[in-house]
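Visitor: Questions regarding the structure given below will be posed in turn.
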Amino acid sequence: ESENNNPPINLLEASQGRSISSTYEFPESYHNKEGISLEELTESQKNADGVCVAVSLHDGMVLQSTSSLTKVLGYPKDMWVGRSFIDFVHPEDRETFIRQVTENISLPLRNMAETGNTQEMKDLQTKSGSFFCRIRIYNGLKSGFYIKGRKTRYNSFKLSICFSDIKHKASNTQRICIFITAIPIRSAYSEPYEEGPVRLVTGQTGFISQHTAECRFSTFDEFSISYLGYLPQDIIGEDIFKYIHPEDFVIIKEAFEAVMVEQGKQVESKPVRFKIRNGGYIIISSLWSSFINPWTRQLEFVHGKHT
């Protein structure tokens, strides 16, 4: 039996920052077992909890993945092992992923430089906050006869990263690895032209946004991804009127004028059409409020709750 069938590292524990040691030497090859089709993947994702992978900080190669890789993304078991993790991230989201790694690696690297490799494991652990990326799903032969020319597809995931020092007892060496946890984000909709309020599996019936005095989005909560399809990095900094149907501009204008008059109070606007990622529109009803800086008396942001 392959040593990959008995993972020496508990990836879940490592991703949560628990102490892990290993006698395992990571393989340079993987076993190319059969993946699943796109139809099977779509159905299996409904009950999928996510994926965790260990990535070498030395070269960015995947060292190990949980068996849920097949259920969540459709790839054959261990197919990612020995391949660069960044290759599976959507090109437009790679900058976001790299930035998260570089922002969070400074502490463990500094600690290692100060204390050397004898530092206890728990002192080398740090975990990032959540961020969002699209990850490529498997494009195998089971869903057709020709891979070449088939459109590459991506699913949205909520990611967190944890840096942990893996100690190898056999060689008495250690290395810093990145443990990446990816939780799939599911669409809010179960059918076309679904009437609202549309409820997520978490119980949420809407999402929250903020925009600046210049009418540029500054904040979107994670629930907006299920409703709109945009990741936060896709839409933050964009002009709000780029996403509102032109015929509804006057509704937004009236709502913002009312918010400035009724400072500190919520103002309900008429429903407007909001452009989503696939180019269509959804109808949202919104409650607006504003925050005025008490010292400068300037508008800091407008807060919207949308259903």
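Residue numbers start at 1 in each chain; chains themselves are named A, B, ... in the order of the structure tokens; ligands are numbered from 1 in the order shown.
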Please, which residues of segment 202-299 of chain A, numbered as in this document, come out strand (DSSP E or B) from DSSP, as JSON, numbers by chain?
Guide: {"A": [207, 208, 209, 210, 211, 216, 217, 218, 219, 220, 239, 244, 267, 268, 272, 273, 274, 275, 281, 282, 283, 284, 286, 287, 288, 289, 290, 291, 292, 299]}
Visitor: Based on the backbone DSSP call, show me all residues of segment 163-286 of chain A assigned alpha helix (DSSP H), as number ranges by chain.
Guide: A: 223-228, 232-235, 249-261
Visitor: Using only C-alpha atoms, which residue out of A:Leu231, A:Ile292, A:Cys177, A:Ala255 lies closest to Asn155 of chain A?
Guide: A:Leu231
Visitor: What does the distance between atom CA of Tyr75 of chain A and atom CA of Leu57 of chain A come to in Å, to one decimal place?
Guide: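 Atom CA of Leu57 of chain A lies 22.8 Å from atom CA of Tyr75 of chain A.
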Visitor: Quick one, how far is atom CA of Ala188 of chain A from atom CA of Tyr227 of chain A?
Guide: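 Between atom CA of Ala188 of chain A and atom CA of Tyr227 of chain A the gap is 5.4 Å.
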Visitor: How far is it from atom CA of Gly50 of chain A to atom CA of Asp87 of chain A, in Å with one decimal?
Guide: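 Spanning atom CA of Gly50 of chain A to atom CA of Asp87 of chain A is a straight-line distance of 18.7 Å.
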Visitor: Between A:Glu103, A:Glu268, A:Asp59, A:Glu95, which is the closest to Ser286 of chain A once you count only C-alpha atoms?
Guide: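 That would be A:Glu268, the residue with the smallest distance to Ser286 of chain A.
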Visitor: Find the residue from A:Ile98, A:Val72, A:Leu228, A:Val89 that sits nearest to Phe207 of chain A; use only C-alpha atoms when measuring.
Guide: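 The answer is A:Leu228, which sits nearest to Phe207 of chain A.
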Visitor: Residues at most 10 Å from Tyr281 of chain A, counting only C-alpha atoms, excluding those fewer than 5 positions away in the same chain, as number ranges by chain?
Guide: A: 228, 243-245, 272-276
Visitor: Can you spit out the residues from that selection as a PDB file, in the first residue's frame, using N, CA and C atoms?
Guide:
ATOM      1  N   LEU A 228     -23.853  37.741  -5.597  1.00  0.00           N
ATOM      2  CA  LEU A 228     -23.414  38.545  -6.741  1.00  0.00           C
ATOM      3  C   LEU A 228     -22.404  37.843  -7.633  1.00  0.00           C
ATOM      4  N   TYR A 243     -22.605  49.341 -11.362  1.00  0.00           N
ATOM      5  CA  TYR A 243     -23.339  48.101 -11.109  1.00  0.00           C
ATOM      6  C   TYR A 243     -24.845  48.313 -10.964  1.00  0.00           C
ATOM      7  N   ILE A 244     -25.277  49.564 -10.900  1.00  0.00           N
ATOM      8  CA  ILE A 244     -26.700  49.864 -10.807  1.00  0.00           C
ATOM      9  C   ILE A 244     -27.257  50.066 -12.202  1.00  0.00           C
ATOM     10  N   HIS A 245     -28.429  49.520 -12.469  1.00  0.00           N
ATOM     11  CA  HIS A 245     -29.057  49.717 -13.778  1.00  0.00           C
ATOM     12  C   HIS A 245     -29.273  51.212 -14.013  1.00  0.00           C
ATOM     13  N   VAL A 272     -33.835  48.227  -6.529  1.00  0.00           N
ATOM     14  CA  VAL A 272     -33.052  48.588  -7.712  1.00  0.00           C
ATOM     15  C   VAL A 272     -32.478  47.313  -8.326  1.00  0.00           C
ATOM     16  N   ARG A 273     -32.068  47.428  -9.575  1.00  0.00           N
ATOM     17  CA  ARG A 273     -31.435  46.309 -10.273  1.00  0.00           C
ATOM     18  C   ARG A 273     -29.918  46.432 -10.154  1.00  0.00           C
ATOM     19  N   PHE A 274     -29.291  45.358  -9.671  1.00  0.00           N
ATOM     20  CA  PHE A 274     -27.848  45.337  -9.433  1.00  0.00           C
ATOM     21  C   PHE A 274     -27.225  44.319 -10.380  1.00  0.00           C
ATOM     22  N   LYS A 275     -26.194  44.733 -11.102  1.00  0.00           N
ATOM     23  CA  LYS A 275     -25.537  43.857 -12.071  1.00  0.00           C
ATOM     24  C   LYS A 275     -24.655  42.849 -11.361  1.00  0.00           C
ATOM     25  N   ILE A 276     -24.827  41.558 -11.691  1.00  0.00           N
ATOM     26  CA  ILE A 276     -24.031  40.501 -11.076  1.00  0.00           C
ATOM     27  C   ILE A 276     -22.967  40.011 -12.054  1.00  0.00           C
TER      28      ILE A 276
END
Visitor: Could you name the residues that touch Ser285 of chain A at 6 Å or less, counting only C-alpha atoms, but leaving out those on the same chain fewer than 6 positions away, as a count of residues only?
Guide: 3
Visitor: Out of A:Arg277, A:Lys158, A:Lys305, A:His58, which residue has the shortest atom-to-atom distance to Thr205 of chain A when counting only C-alpha atoms?
Guide: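 Looking at the shortest contact to Thr205 of chain A, the residue is A:Lys305.
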Visitor: Which residues are near segment 259-261 of chain A? Cut-off 9 Å, only C-alpha atoms, ignore same chain within fewer than 4 positions. Put them as a list in words.
Guide: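 Residues meeting the cut-off are Glu254, Ala255, Lys265, Gln266, Val267, Trp288, Ser289, Ser290, Leu299 and Val302 of chain A.
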Visitor: Could you give me, as a list of chain:residue names, the residues within 6 Å of segment 129-133 of chain A, counting only C-alpha atoms and dropping anything in the same chain fewer than 3 positions from it?
Guide: A:Asp93, A:Ser156, A:Phe157, A:Lys158, A:Leu159, A:Ser160
Visitor: Contacts of Glu300 of chain A at 10 Å or less, counting only C-alpha atoms, minus same-chain residues fewer than 6 places along, as a PyMOL selection string?
Guide: chain A and resi 210-214+290-294
Visitor: Keeping only C-alpha atoms, write those residues as a compact mmCIF listing (two decimals), in the first residue's frame.
Guide:
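Output contents, as saved in part21.txt:
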# COMPACT_ATOMS: atom_id res chain seq x y z
CA GLN A 210 -20.11 50.13 2.33
CA HIS A 211 -19.00 52.84 -0.05
CA THR A 212 -17.11 56.10 0.29
CA ALA A 213 -18.27 59.66 -0.18
CA GLU A 214 -16.96 59.34 -3.74
CA SER A 290 -24.29 56.91 6.98
CA PHE A 291 -21.40 57.58 9.31
CA ILE A 292 -20.36 61.18 9.82
CA ASN A 293 -16.97 61.74 11.42
CA PRO A 294 -17.76 63.54 14.72
Visitor: Tell me which of A:Ile282, A:Ile105, A:Ile137, A:Ile236 sits closest to Pro192 of chain A, counting only C-alpha atoms.
Guide: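 Nearest to Pro192 of chain A: A:Ile282.
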